[in-house]
Each structure stands twice: as structure tokens, then as C-alpha cells.
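Below is upload.tsv, which holds TSV, C-alpha atoms and all ligand atoms.
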```
chain	number	residue	atom	x	y	z
A	135	MET	CA	176.38	29.10	156.35
A	136	THR	CA	179.80	30.73	156.70
A	137	TYR	CA	182.22	31.20	153.85
A	138	LEU	CA	185.55	29.42	153.73
A	139	THR	CA	188.67	31.53	153.91
A	140	CYS	CA	191.59	30.74	151.62
A	141	ARG	CA	193.55	29.49	154.63
A	142	GLU	CA	190.78	26.97	155.31
A	143	PHE	CA	190.36	26.11	151.66
A	144	VAL	CA	193.95	24.91	151.19
A	145	GLU	CA	193.55	22.42	154.05
A	146	LEU	CA	190.56	20.76	152.35
A	147	VAL	CA	192.13	20.15	148.96
A	148	THR	CA	193.21	16.54	149.57
A	149	ASP	CA	189.79	15.60	150.97
A	150	TYR	CA	188.21	17.31	147.95
A	151	LEU	CA	190.35	15.45	145.44
A	152	ASP	CA	189.56	12.15	147.20
A	153	GLY	CA	185.85	12.93	147.09
A	154	ALA	CA	185.83	12.71	150.89
A	155	LEU	CA	184.29	16.08	151.78
A	156	PRO	CA	180.87	15.91	153.46
A	157	PRO	CA	178.22	17.49	151.19
A	158	ALA	CA	177.97	20.77	153.13
A	159	ASP	CA	181.75	21.28	153.05
A	160	ARG	CA	181.83	20.32	149.41
A	161	GLU	CA	179.30	23.05	148.68
A	162	ARG	CA	181.33	25.66	150.55
A	163	PHE	CA	184.47	24.47	148.78
A	164	ASP	CA	182.86	24.81	145.32
A	165	GLU	CA	181.48	28.22	146.23
A	166	HIS	CA	184.89	29.47	147.28
A	167	LEU	CA	186.46	28.02	144.15
A	168	ASP	CA	183.98	29.97	141.99
A	169	MET	CA	184.80	33.30	143.52
A	170	CYS	CA	188.52	33.02	144.32
A	171	LYS	CA	191.16	33.13	141.60
A	172	GLY	CA	193.97	32.54	144.11
A	173	CYS	CA	192.49	29.25	145.28
A	174	ARG	CA	191.84	28.17	141.70
A	175	GLU	CA	195.56	28.65	141.06
A	176	HIS	CA	196.38	26.75	144.24
A	177	LEU	CA	194.17	23.81	143.26
A	178	ASP	CA	195.75	23.83	139.81
A	179	GLN	CA	199.20	23.76	141.42
A	180	MET	CA	198.17	20.73	143.49
A	181	GLN	CA	196.96	18.93	140.38
A	182	THR	CA	200.20	19.76	138.63
A	183	THR	CA	202.09	18.46	141.67
A	184	LEU	CA	200.19	15.17	141.31
A	185	ARG	CA	201.25	14.94	137.67
A	186	ALA	CA	204.88	15.48	138.67
A	187	LEU	CA	204.57	12.79	141.36
A	188	ARG	CA	203.12	10.35	138.84
A	189	ALA	CA	205.96	11.13	136.45
A	190	ALA	CA	208.44	10.44	139.27
A	191	GLY	CA	206.83	7.04	139.80
A	192	ASP	CA	207.11	6.14	136.12
A	193	GLU	CA	210.69	7.19	135.55
A	194	PRO	CA	212.70	4.13	134.45
A	195	ALA	CA	215.84	3.25	136.36
A	196	ARG	CA	219.05	4.70	135.05
A	197	GLY	CA	221.88	2.22	134.62
A	198	GLU	CA	221.72	-1.40	135.63
A	199	VAL	CA	218.65	-2.89	137.26
A	200	GLU	CA	219.56	-5.30	140.02
A	201	GLY	CA	218.52	-8.85	139.34
A	202	LEU	CA	217.52	-8.25	135.69
A	203	ASP	CA	219.52	-11.24	134.40
A	204	ARG	CA	217.87	-13.55	136.87
A	205	LEU	CA	214.47	-12.16	135.90
A	206	LEU	CA	215.15	-12.69	132.23
A	207	ASP	CA	215.95	-16.34	133.03
A	208	THR	CA	212.64	-16.53	134.85
A	209	PHE	CA	210.95	-15.02	131.80
A	210	ARG	CA	212.50	-17.58	129.44
A	211	ASP	CA	211.46	-20.47	131.70
A	212	TRP	CA	207.96	-19.05	131.84
A	213	LYS	CA	207.84	-18.63	128.07
A	214	ARG	CA	208.95	-22.24	127.52
A	215	SER	CA	206.31	-23.53	129.89
A	216	ARG	CA	203.48	-21.80	128.01
A	217	PRO	CA	201.16	-23.98	125.98
B	235	MET	CA	204.35	1.48	125.04
B	236	ASP	CA	200.88	1.79	126.59
B	237	ASP	CA	199.34	-0.86	128.83
B	238	GLN	CA	197.46	-2.62	126.04
B	239	ALA	CA	200.57	-2.95	123.89
B	240	THR	CA	202.69	-4.09	126.86
B	241	ILE	CA	200.16	-6.75	127.85
B	242	ALA	CA	199.93	-8.05	124.29
B	243	ALA	CA	203.73	-8.14	124.02
B	244	LEU	CA	204.10	-10.04	127.30
B	245	ARG	CA	201.49	-12.58	126.27
B	246	ALA	CA	203.39	-13.04	123.03
B	247	GLY	CA	206.59	-13.72	124.98
B	248	ASP	CA	208.38	-10.49	124.01
B	249	GLU	CA	211.49	-10.41	126.22
B	250	ALA	CA	212.35	-6.76	125.45
B	251	ALA	CA	208.91	-5.63	126.61
B	252	PHE	CA	209.41	-7.53	129.86
B	253	ALA	CA	212.86	-6.00	130.38
B	254	ASP	CA	211.39	-2.51	129.82
B	255	LEU	CA	208.74	-3.16	132.42
B	256	VAL	CA	211.34	-4.36	134.91
B	257	ARG	CA	213.50	-1.28	134.31
B	258	ARG	CA	210.49	0.92	134.84
B	259	TYR	CA	209.10	-0.52	138.05
B	260	GLN	CA	211.83	-2.53	139.79
B	261	PRO	CA	213.33	0.39	141.81
B	262	LEU	CA	209.93	1.50	143.12
B	263	MET	CA	208.96	-2.11	143.82
B	264	LEU	CA	212.11	-2.69	145.87
B	265	ARG	CA	211.47	0.48	147.78
B	266	VAL	CA	207.90	-0.50	148.62
B	267	ALA	CA	208.84	-4.11	149.46
B	268	ARG	CA	211.56	-2.88	151.78
B	269	GLN	CA	208.91	-1.33	154.03
B	270	TYR	CA	207.48	-4.75	154.79
B	271	VAL	CA	210.40	-7.10	155.22
B	272	LYS	CA	213.53	-7.14	157.30
B	273	THR	CA	216.38	-7.29	154.83
B	274	PRO	CA	217.20	-6.04	151.32
B	275	ALA	CA	217.63	-9.69	150.29
B	276	ALA	CA	214.09	-10.49	151.42
B	277	ALA	CA	212.80	-7.46	149.50
B	278	GLU	CA	214.52	-8.70	146.36
B	279	GLU	CA	212.91	-12.11	146.79
B	280	VAL	CA	209.51	-10.50	147.18
B	281	VAL	CA	210.04	-8.58	143.95
B	282	GLN	CA	211.23	-11.70	142.12
B	283	GLU	CA	208.14	-13.57	143.29
B	284	THR	CA	205.99	-10.65	142.20
B	285	TRP	CA	207.33	-10.77	138.66
B	286	LEU	CA	206.64	-14.48	138.52
B	287	GLY	CA	203.10	-13.72	139.72
B	288	VAL	CA	202.77	-11.08	137.00
B	289	LEU	CA	203.83	-13.52	134.28
B	290	ASN	CA	201.60	-16.28	135.57
B	291	GLY	CA	198.65	-13.92	135.88
B	292	ILE	CA	199.04	-11.90	132.68
B	293	ASP	CA	196.64	-14.08	130.67
B	294	ARG	CA	193.94	-13.45	133.25
B	295	PHE	CA	194.58	-9.71	133.66
B	296	GLU	CA	191.43	-7.91	132.53
B	297	GLY	CA	192.69	-4.34	132.51
B	298	ARG	CA	190.21	-3.01	135.04
B	299	SER	CA	193.07	-1.19	136.75
B	300	SER	CA	196.27	0.06	135.18
B	301	LEU	CA	198.99	-2.53	134.66
B	302	LYS	CA	201.14	-0.72	137.19
B	303	THR	CA	198.48	-0.76	139.90
B	304	TRP	CA	197.86	-4.45	139.26
B	305	ILE	CA	201.60	-5.24	139.55
B	306	PHE	CA	201.85	-3.34	142.82
B	307	ARG	CA	198.79	-5.09	144.23
B	308	ILE	CA	200.54	-8.40	143.64
B	309	LEU	CA	203.65	-6.94	145.24
B	310	MET	CA	201.77	-5.74	148.32
B	311	ASN	CA	200.21	-9.17	148.79
B	312	GLN	CA	203.57	-10.91	148.44
B	313	ALA	CA	205.28	-8.40	150.72
B	314	LYS	CA	202.63	-8.65	153.39
B	315	THR	CA	202.68	-12.43	153.43
B	316	ARG	CA	206.43	-12.36	153.65
B	317	GLY	CA	206.44	-9.52	156.20
B	318	VAL	CA	204.13	-11.40	158.53
B	319	ARG	CA	206.44	-14.40	158.32
B	320	ASP	CA	209.54	-12.28	158.98
B	321	GLN	CA	208.00	-9.93	161.54
B	322	ARG	CA	207.78	-6.64	159.81
B	323	SER	CA	210.86	-4.43	160.09
B	324	THR	CA	209.23	-1.11	160.85
B	325	PRO	CA	205.82	-1.30	162.47
B	326	PHE	CA	203.54	1.46	161.28
B	327	ALA	CA	202.47	2.71	164.69
B	328	SER	CA	199.73	5.21	165.42
B	329	LEU	CA	200.24	8.77	164.25
B	330	GLY	CA	203.01	10.70	165.95
B	331	ALA	CA	203.57	14.41	166.52
B	332	GLU	CA	205.39	14.89	163.22
B	333	ASP	CA	202.57	13.43	161.16
B	334	GLY	CA	200.02	16.19	161.30
B	335	ASP	CA	202.61	18.93	161.50
B	336	GLY	CA	202.10	22.43	160.21
B	337	PRO	CA	199.77	24.07	157.73
B	338	ALA	CA	199.70	23.16	154.04
B	339	VAL	CA	200.74	26.64	152.95
B	340	ASP	CA	203.15	29.05	154.68
B	341	PRO	CA	200.90	31.14	156.99
B	342	SER	CA	202.62	34.37	155.90
B	343	ARG	CA	200.94	33.93	152.51
B	344	PHE	CA	197.59	34.85	154.11
B	345	ASP	CA	196.39	38.07	155.71
B	346	ASP	CA	194.85	38.28	159.20
B	347	GLU	CA	191.45	37.26	157.87
B	348	GLY	CA	192.77	34.23	156.03
B	349	TRP	CA	192.76	35.51	152.41
B	350	TRP	CA	195.73	35.36	150.07
B	351	ASN	CA	198.09	38.32	150.43
B	352	ALA	CA	199.12	37.76	146.84
B	353	TYR	CA	197.64	35.14	144.53
B	354	PRO	CA	199.71	32.03	143.93
B	355	ARG	CA	201.48	32.05	140.58
B	356	ALA	CA	199.86	30.28	137.66
B	357	TRP	CA	201.65	27.08	136.77
B	358	SER	CA	199.65	26.58	133.60
B	359	ALA	CA	202.52	28.25	131.75
B	360	VAL	CA	204.89	25.46	132.80
B	361	PRO	CA	205.25	23.17	129.78
B	362	ALA	CA	204.73	19.41	130.21
B	363	GLU	CA	208.32	18.70	129.11
B	364	ARG	CA	209.58	20.78	131.99
B	365	LEU	CA	207.25	19.07	134.44
B	366	GLU	CA	208.37	15.62	133.33
B	367	SER	CA	212.04	16.55	132.93
B	368	LYS	CA	214.81	14.71	134.76
B	369	GLU	CA	215.44	17.84	136.84
B	370	THR	CA	211.86	18.14	138.04
B	371	ILE	CA	211.67	14.43	138.77
B	372	ALA	CA	214.91	14.65	140.77
B	373	THR	CA	213.45	17.60	142.71
B	374	VAL	CA	210.31	15.61	143.48
B	375	ARG	CA	212.31	12.59	144.60
B	376	ASP	CA	214.51	14.71	146.86
B	377	ALA	CA	211.42	16.32	148.36
B	378	ILE	CA	209.95	12.87	149.08
B	379	ALA	CA	213.21	11.70	150.64
B	380	GLU	CA	213.01	14.62	153.11
B	381	LEU	CA	209.53	13.70	154.35
B	382	PRO	CA	208.89	12.07	157.73
B	383	PRO	CA	208.71	8.27	157.18
B	384	ARG	CA	204.93	7.83	157.43
B	385	GLN	CA	204.18	10.71	155.10
B	386	ARG	CA	206.73	9.30	152.70
B	387	GLU	CA	205.23	5.84	152.74
B	388	VAL	CA	201.72	7.12	152.07
B	389	ILE	CA	202.67	9.47	149.22
B	390	VAL	CA	204.76	6.76	147.53
B	391	LEU	CA	201.85	4.32	147.58
B	392	ARG	CA	199.16	6.84	146.68
B	393	ASP	CA	200.85	9.07	144.13
B	394	LEU	CA	203.89	7.25	142.75
B	395	VAL	CA	202.34	3.78	142.72
B	396	GLY	CA	198.74	4.92	142.23
B	397	LEU	CA	196.90	2.86	144.84
B	398	ASP	CA	193.65	4.34	146.16
B	399	GLY	CA	192.94	5.55	149.70
B	400	PRO	CA	191.20	2.40	150.98
B	401	GLU	CA	194.00	0.21	149.62
B	402	VAL	CA	196.69	2.29	151.31
B	403	SER	CA	194.90	2.50	154.63
B	404	GLU	CA	194.43	-1.26	154.58
B	405	ALA	CA	198.04	-1.91	153.61
B	406	LEU	CA	199.39	0.34	156.37
B	407	GLU	CA	196.70	-0.58	158.89
B	408	ILE	CA	195.69	3.00	159.57
B	409	SER	CA	192.31	4.67	159.20
B	410	GLU	CA	191.40	6.26	155.90
B	411	GLY	CA	191.26	9.62	157.66
B	412	ASN	CA	194.78	9.27	159.04
B	413	GLN	CA	196.00	8.12	155.68
B	414	ARG	CA	194.58	11.31	154.15
B	415	VAL	CA	196.14	13.56	156.81
B	416	LEU	CA	199.55	12.09	156.01
B	417	LEU	CA	198.96	12.41	152.28
B	418	HIS	CA	197.84	16.02	152.62
B	419	ARG	CA	200.99	17.03	154.53
B	420	ALA	CA	203.21	15.16	152.13
B	421	ARG	CA	201.66	16.64	148.98
B	422	ALA	CA	201.73	20.12	150.48
B	423	LYS	CA	205.47	19.87	151.07
B	424	VAL	CA	206.17	18.56	147.59
B	425	ARG	CA	204.09	21.40	146.14
B	426	ALA	CA	206.06	23.97	148.16
B	427	VAL	CA	209.36	22.54	146.89
B	428	LEU	CA	208.08	22.57	143.30
B	429	GLU	CA	206.94	26.16	143.73
B	430	GLY	CA	210.53	27.12	144.47
B	431	GLU	CA	211.68	25.22	141.39
B	432	LEU	CA	209.02	26.10	138.81
B	433	THR	CA	208.24	29.75	139.48
C	501	ZN	ZN	190.64	31.58	148.22
```
For this file, write the structure as C-alpha cells.
Ligand SMILES: [Zn+2]
Amino acid sequence: MTYLTCREFVELVTDYLDGALPPADRERFDEHLDMCKGCREHLDQMQTTLRALRAAGDEPARGEVEGLDRLLDTFRDWKRSRP
Amino acid sequence: MDDQATIAALRAGDEAAFADLVRRYQPLMLRVARQYVKTPAAAEEVVQETWLGVLNGIDRFEGRSSLKTWIFRILMNQAKTRGVRDQRSTPFASLGAEDGDGPAVDPSRFDDEGWWNAYPRAWSAVPAERLESKETIATVRDAIAELPPRQREVIVLRDLVGLDGPEVSEALEISEGNQRVLLHRARAKVRAVLEGELT
């Protein structure tokens, strides 16, 4: 079995995080991770990137939201119709 | 407010909680809907219908996924139904040359044998407030806006919305492998932009 290089490692990170690496590749990936500080930092950076992406998806709109008034009407109608 | 509290508030008819939810997700919902229908007006209708679906379904929501994921699943179903009726605006064709472009990390960062020339910087020192600051979020959004369209669509659905790989590949009618190639490129570019910003 050959070792992964760092250059190869960084291309497998998304498959790894999705749990999509075949078992043999997964083993080589874990082995590399154990011995390589640089790739541990890289993986950590990717996980931090994912947190930043999630934060970007949860950021409320600034200013007016289009159609909010109409939606609040919908909400009131819905509320009235509840048993 | 966390999901549990939001769900309880909606069931109790709390209008402010509903307005908060709309403020939070409406822009992303419009953006996603826009990928499936022809006009901005049609996208708005899809989003309106989605909110009605959310209200009508909230009593039955069991919390097996996050509230957000559940809302976007309803949106995707509405958008797809509508998109089929309208003939989708931008067909998501097979992968093009731009989609698998380039390595994840600048090749000059590695030596001839493929090892790091210098270790990447540790980001663990970056405080959470900085990561979730308006500036960082704006940087991330700009980086996403610069991506090729297919990469952009996948990263929005996977990482901003939070759908899983099978859901995204089904929604975009591409293989799971292709979906992951696009995601990998997209994440790599966002990471590189953040590296410039955070270190
Ligand atoms: Zn390494």
C-alpha cells in the first residue's frame, strides 16, 4: 500500500467528509492524517469553512423582506382557520 | 430562538416568530427557487406557496431534520413542480470544462514530491465571533457569487441550505459523484478566499 501525499490528501477531503471514501482510501487518509500536521490544519480549515458557509446561510436579511406583508396576511388567515 | 422554540411559537400562532423565520430564510429561498422557474415573479409565488405549506405542515413536523432543511425540502418540491410546468429556465446540463477545474490547493504550496512546503496556518485561533461576523459572511457570499454556476448551485444547496448529497444530486439530476466534484471545487475556492481574509 502506498502512502498518500499531501497534494493527494487535499483532493479527498470532500469525499472523506461525506463518508464516501472506499475503505482502503479511508485507511490511507486516516494514516496520513495521523502523521501530518499540515493536513490536520488543512482539514480543520475546511471544517471552519463549512461553519462560515452555514453562518452565511443563516444570516437574516437586512432591511425589508419582499412580500413580508402578504405573508403576514397569509399567517393571520392560517391562524384564524386553526381549530 | 432554536428550532424547538420556533416550532412551539408557530403552533401557538406567534406572528413575530413567523416574521423572524421569513426574514431569516426568504432571501435564500428566493435564490434557490429562481434556479427552477423562469421569472422572479414565479419564484416569489413558489416561496409564498412554500410558506403556506410550512404553516399547514407545522403540526405534523416531527423534527427529524432541522426546521430549515424541512422548509427547503418543501421549497424544492414546490419549485420542481412549478419548474416542470414552466419549463425550467436553466437546464442543469452535464458537467462542462469549468466544473472540474483546477486543484483544491494552489500547486505552489507543495514541493515536487507532493508534501507541504510550509504548513497551512492554524485557524483554531480565529474566534467564533470573527467567523460569524458580517465581514466574514460578506466575504463568503462574494466568494460564492464568483463561482461557476453549477458549483454555486451545489454549494448553496449543500452548505448554506444543508441538504445532503443524495438530495442535491436528485434535485439537480446529476450523479452523486458529479455533485461531490462540484462541491469540492466550490468549497476549495471559498476556503482559499477565507485564507486570504482570516490569516
Ligand atoms: Zn499531509
Close residues, stretch 283-296 of chain B itself excluded, 7 Å, all atoms listed in the file, min 4 positions apart in chain, as an NGL selection string: :B and (245 or 279 or 305 or 308-309 or 312)
Could the residues in this selection be saved with C-alpha atoms as a JSON list (two decimals), in the coordinates of the input?
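File produced: selection_22.json:
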```json
[["chain", "number", "residue", "atom", "x", "y", "z"],
["B", 245, "ARG", "CA", 201.49, -12.58, 126.27],
["B", 279, "GLU", "CA", 212.91, -12.11, 146.79],
["B", 305, "ILE", "CA", 201.60, -5.24, 139.55],
["B", 308, "ILE", "CA", 200.54, -8.40, 143.64],
["B", 309, "LEU", "CA", 203.65, -6.94, 145.24],
["B", 312, "GLN", "CA", 203.57, -10.91, 148.44]]
```
Taking all atoms listed in the file into account, which residues of chain A are within 6 Å of chain B, as a PyMOL selection string? chain A and resi 139-141+148+172+175+183+187-191+194-195+213
Output file for the residues above (C-alpha atoms, as a PDB file, in the frame of the given file):
```pdb
ATOM      1  CA  THR A 139     188.670  31.530 153.910  1.00  0.00           C
ATOM      2  CA  CYS A 140     191.590  30.740 151.620  1.00  0.00           C
ATOM      3  CA  ARG A 141     193.550  29.490 154.630  1.00  0.00           C
ATOM      4  CA  THR A 148     193.210  16.540 149.570  1.00  0.00           C
ATOM      5  CA  GLY A 172     193.970  32.540 144.110  1.00  0.00           C
ATOM      6  CA  GLU A 175     195.560  28.650 141.060  1.00  0.00           C
ATOM      7  CA  THR A 183     202.090  18.460 141.670  1.00  0.00           C
ATOM      8  CA  LEU A 187     204.570  12.790 141.360  1.00  0.00           C
ATOM      9  CA  ARG A 188     203.120  10.350 138.840  1.00  0.00           C
ATOM     10  CA  ALA A 189     205.960  11.130 136.450  1.00  0.00           C
ATOM     11  CA  ALA A 190     208.440  10.440 139.270  1.00  0.00           C
ATOM     12  CA  GLY A 191     206.830   7.040 139.800  1.00  0.00           C
ATOM     13  CA  PRO A 194     212.700   4.130 134.450  1.00  0.00           C
ATOM     14  CA  ALA A 195     215.840   3.250 136.360  1.00  0.00           C
ATOM     15  CA  LYS A 213     207.840 -18.630 128.070  1.00  0.00           C
TER      16      LYS A 213
END
```
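Between atom CA of B:Ala242 and atom CA of A:Arg204 the separation is 22.6 Å.
Minimum distance to B:Leu432 across A:Met169, A:Phe209, A:Ala186, A:Asp164 (counting all atoms listed in the file) occurs at A:Ala186.
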With 10 Å as the cut-off and only C-alpha atoms and all ligand atoms counted, what is the closest atom pair between each nearby residue of chain A and ligand ZN 501 (chain C)? Distances in Å to one decimal, ordered by chain and number, as JSON lines.
```
{"residue": "A:Leu138", "atom": "CA", "partner": "C:ZN501", "partner_atom": "ZN", "distance": 7.8}
{"residue": "A:Thr139", "atom": "CA", "partner": "C:ZN501", "partner_atom": "ZN", "distance": 6.0}
{"residue": "A:Cys140", "atom": "CA", "partner": "C:ZN501", "partner_atom": "ZN", "distance": 3.6}
{"residue": "A:Arg141", "atom": "CA", "partner": "C:ZN501", "partner_atom": "ZN", "distance": 7.3}
{"residue": "A:Glu142", "atom": "CA", "partner": "C:ZN501", "partner_atom": "ZN", "distance": 8.5}
{"residue": "A:Phe143", "atom": "CA", "partner": "C:ZN501", "partner_atom": "ZN", "distance": 6.5}
{"residue": "A:Val144", "atom": "CA", "partner": "C:ZN501", "partner_atom": "ZN", "distance": 8.0}
{"residue": "A:Phe163", "atom": "CA", "partner": "C:ZN501", "partner_atom": "ZN", "distance": 9.4}
{"residue": "A:Glu165", "atom": "CA", "partner": "C:ZN501", "partner_atom": "ZN", "distance": 10.0}
{"residue": "A:His166", "atom": "CA", "partner": "C:ZN501", "partner_atom": "ZN", "distance": 6.2}
{"residue": "A:Leu167", "atom": "CA", "partner": "C:ZN501", "partner_atom": "ZN", "distance": 6.8}
{"residue": "A:Asp168", "atom": "CA", "partner": "C:ZN501", "partner_atom": "ZN", "distance": 9.3}
{"residue": "A:Met169", "atom": "CA", "partner": "C:ZN501", "partner_atom": "ZN", "distance": 7.7}
{"residue": "A:Cys170", "atom": "CA", "partner": "C:ZN501", "partner_atom": "ZN", "distance": 4.7}
{"residue": "A:Lys171", "atom": "CA", "partner": "C:ZN501", "partner_atom": "ZN", "distance": 6.8}
{"residue": "A:Gly172", "atom": "CA", "partner": "C:ZN501", "partner_atom": "ZN", "distance": 5.4}
{"residue": "A:Cys173", "atom": "CA", "partner": "C:ZN501", "partner_atom": "ZN", "distance": 4.2}
{"residue": "A:Arg174", "atom": "CA", "partner": "C:ZN501", "partner_atom": "ZN", "distance": 7.5}
{"residue": "A:Glu175", "atom": "CA", "partner": "C:ZN501", "partner_atom": "ZN", "distance": 9.2}
{"residue": "A:His176", "atom": "CA", "partner": "C:ZN501", "partner_atom": "ZN", "distance": 8.5}
{"residue": "A:Leu177", "atom": "CA", "partner": "C:ZN501", "partner_atom": "ZN", "distance": 9.9}
```
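Counting from atom CA of B:Gly317, the distance to atom CA of B:Arg386 is 19.1 Å.
Look at B:Leu416: the protein and nucleic acid residues within 8 Å of it, using only C-alpha atoms and passing over chain neighbours fewer than 3 places away, are Asp333, Gly334, Arg384, Gln385, Val388, Ile389, Asn412, Gln413, Arg419 and Ala420 of chain B.
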Draw an axis-aligned box over all listed atoms of stretch 350-354 of chain B, pad each side with 4 Å, and write its centre and edge lengths in Å, one decimal, as AutoDock Vina command-line options.
```
--center_x 197.7 --center_y 35.2 --center_z 147.2 --size_x 12.0 --size_y 14.3 --size_z 14.5
```
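Between atom CA of B:Asp237 and atom CA of B:Met263 the separation is 17.9 Å.
Each of B:Glu387, B:Lys423, B:Glu404, B:Ala251 was checked against A:Met180 using only C-alpha atoms; the smallest atom-to-atom distance is that of B:Lys423.
The smallest atom-to-atom distance between B:Thr315 and any of B:Thr303, B:Ile241, B:Ser342, B:Tyr270, using only C-alpha atoms, is found for B:Tyr270.
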Could you add N, CA, C and O atoms to stretch 196-211 of chain A and give me the result as an mmCIF file, in the frame of the given file?
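That gives us rebuild-v9.cif:
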```
data_model
loop_
_atom_site.group_PDB
_atom_site.id
_atom_site.type_symbol
_atom_site.label_atom_id
_atom_site.label_comp_id
_atom_site.auth_asym_id
_atom_site.auth_seq_id
_atom_site.Cartn_x
_atom_site.Cartn_y
_atom_site.Cartn_z
ATOM 1 N N ARG A 196 217.871 4.423 135.864
ATOM 2 C CA ARG A 196 219.050 4.700 135.050
ATOM 3 C C ARG A 196 220.092 3.633 135.375
ATOM 4 O O ARG A 196 220.188 3.192 136.508
ATOM 5 N N GLY A 197 220.832 3.209 134.385
ATOM 6 C CA GLY A 197 221.880 2.220 134.620
ATOM 7 C C GLY A 197 221.301 0.836 134.829
ATOM 8 O O GLY A 197 220.183 0.536 134.399
ATOM 9 N N GLU A 198 222.072 0.002 135.483
ATOM 10 C CA GLU A 198 221.720 -1.400 135.630
ATOM 11 C C GLU A 198 220.577 -1.598 136.620
ATOM 12 O O GLU A 198 220.519 -0.922 137.642
ATOM 13 N N VAL A 199 219.686 -2.500 136.320
ATOM 14 C CA VAL A 199 218.650 -2.890 137.260
ATOM 15 C C VAL A 199 219.111 -4.166 137.948
ATOM 16 O O VAL A 199 219.441 -5.149 137.277
ATOM 17 N N GLU A 200 219.120 -4.126 139.263
ATOM 18 C CA GLU A 200 219.560 -5.300 140.020
ATOM 19 C C GLU A 200 218.665 -6.496 139.725
ATOM 20 O O GLU A 200 217.442 -6.373 139.705
ATOM 21 N N GLY A 201 219.284 -7.622 139.494
ATOM 22 C CA GLY A 201 218.520 -8.850 139.340
ATOM 23 C C GLY A 201 217.864 -9.032 137.981
ATOM 24 O O GLY A 201 217.060 -9.944 137.794
ATOM 25 N N LEU A 202 218.183 -8.147 137.006
ATOM 26 C CA LEU A 202 217.520 -8.250 135.690
ATOM 27 C C LEU A 202 217.852 -9.573 134.994
ATOM 28 O O LEU A 202 216.970 -10.218 134.428
ATOM 29 N N ASP A 203 219.129 -9.989 135.075
ATOM 30 C CA ASP A 203 219.520 -11.240 134.400
ATOM 31 C C ASP A 203 218.720 -12.426 134.933
ATOM 32 O O ASP A 203 218.220 -13.244 134.166
ATOM 33 N N ARG A 204 218.615 -12.465 136.258
ATOM 34 C CA ARG A 204 217.870 -13.550 136.870
ATOM 35 C C ARG A 204 216.399 -13.516 136.427
ATOM 36 O O ARG A 204 215.790 -14.553 136.162
ATOM 37 N N LEU A 205 215.867 -12.290 136.327
ATOM 38 C CA LEU A 205 214.470 -12.160 135.900
ATOM 39 C C LEU A 205 214.281 -12.576 134.450
ATOM 40 O O LEU A 205 213.260 -13.162 134.095
ATOM 41 N N LEU A 206 215.281 -12.280 133.632
ATOM 42 C CA LEU A 206 215.150 -12.690 132.230
ATOM 43 C C LEU A 206 215.191 -14.207 132.106
ATOM 44 O O LEU A 206 214.491 -14.792 131.272
ATOM 45 N N ASP A 207 215.979 -14.871 132.971
ATOM 46 C CA ASP A 207 215.950 -16.340 133.030
ATOM 47 C C ASP A 207 214.553 -16.833 133.410
ATOM 48 O O ASP A 207 214.023 -17.769 132.808
ATOM 49 N N THR A 208 214.000 -16.180 134.421
ATOM 50 C CA THR A 208 212.640 -16.530 134.850
ATOM 51 C C THR A 208 211.668 -16.381 133.682
ATOM 52 O O THR A 208 210.805 -17.233 133.459
ATOM 53 N N PHE A 209 211.840 -15.286 132.936
ATOM 54 C CA PHE A 209 210.950 -15.020 131.800
ATOM 55 C C PHE A 209 211.061 -16.120 130.746
ATOM 56 O O PHE A 209 210.055 -16.615 130.232
ATOM 57 N N ARG A 210 212.306 -16.537 130.463
ATOM 58 C CA ARG A 210 212.500 -17.580 129.440
ATOM 59 C C ARG A 210 211.898 -18.913 129.891
ATOM 60 O O ARG A 210 211.261 -19.612 129.093
ATOM 61 N N ASP A 211 212.076 -19.234 131.169
ATOM 62 C CA ASP A 211 211.460 -20.470 131.700
ATOM 63 C C ASP A 211 209.940 -20.403 131.567
ATOM 64 O O ASP A 211 209.299 -21.365 131.156
#
```
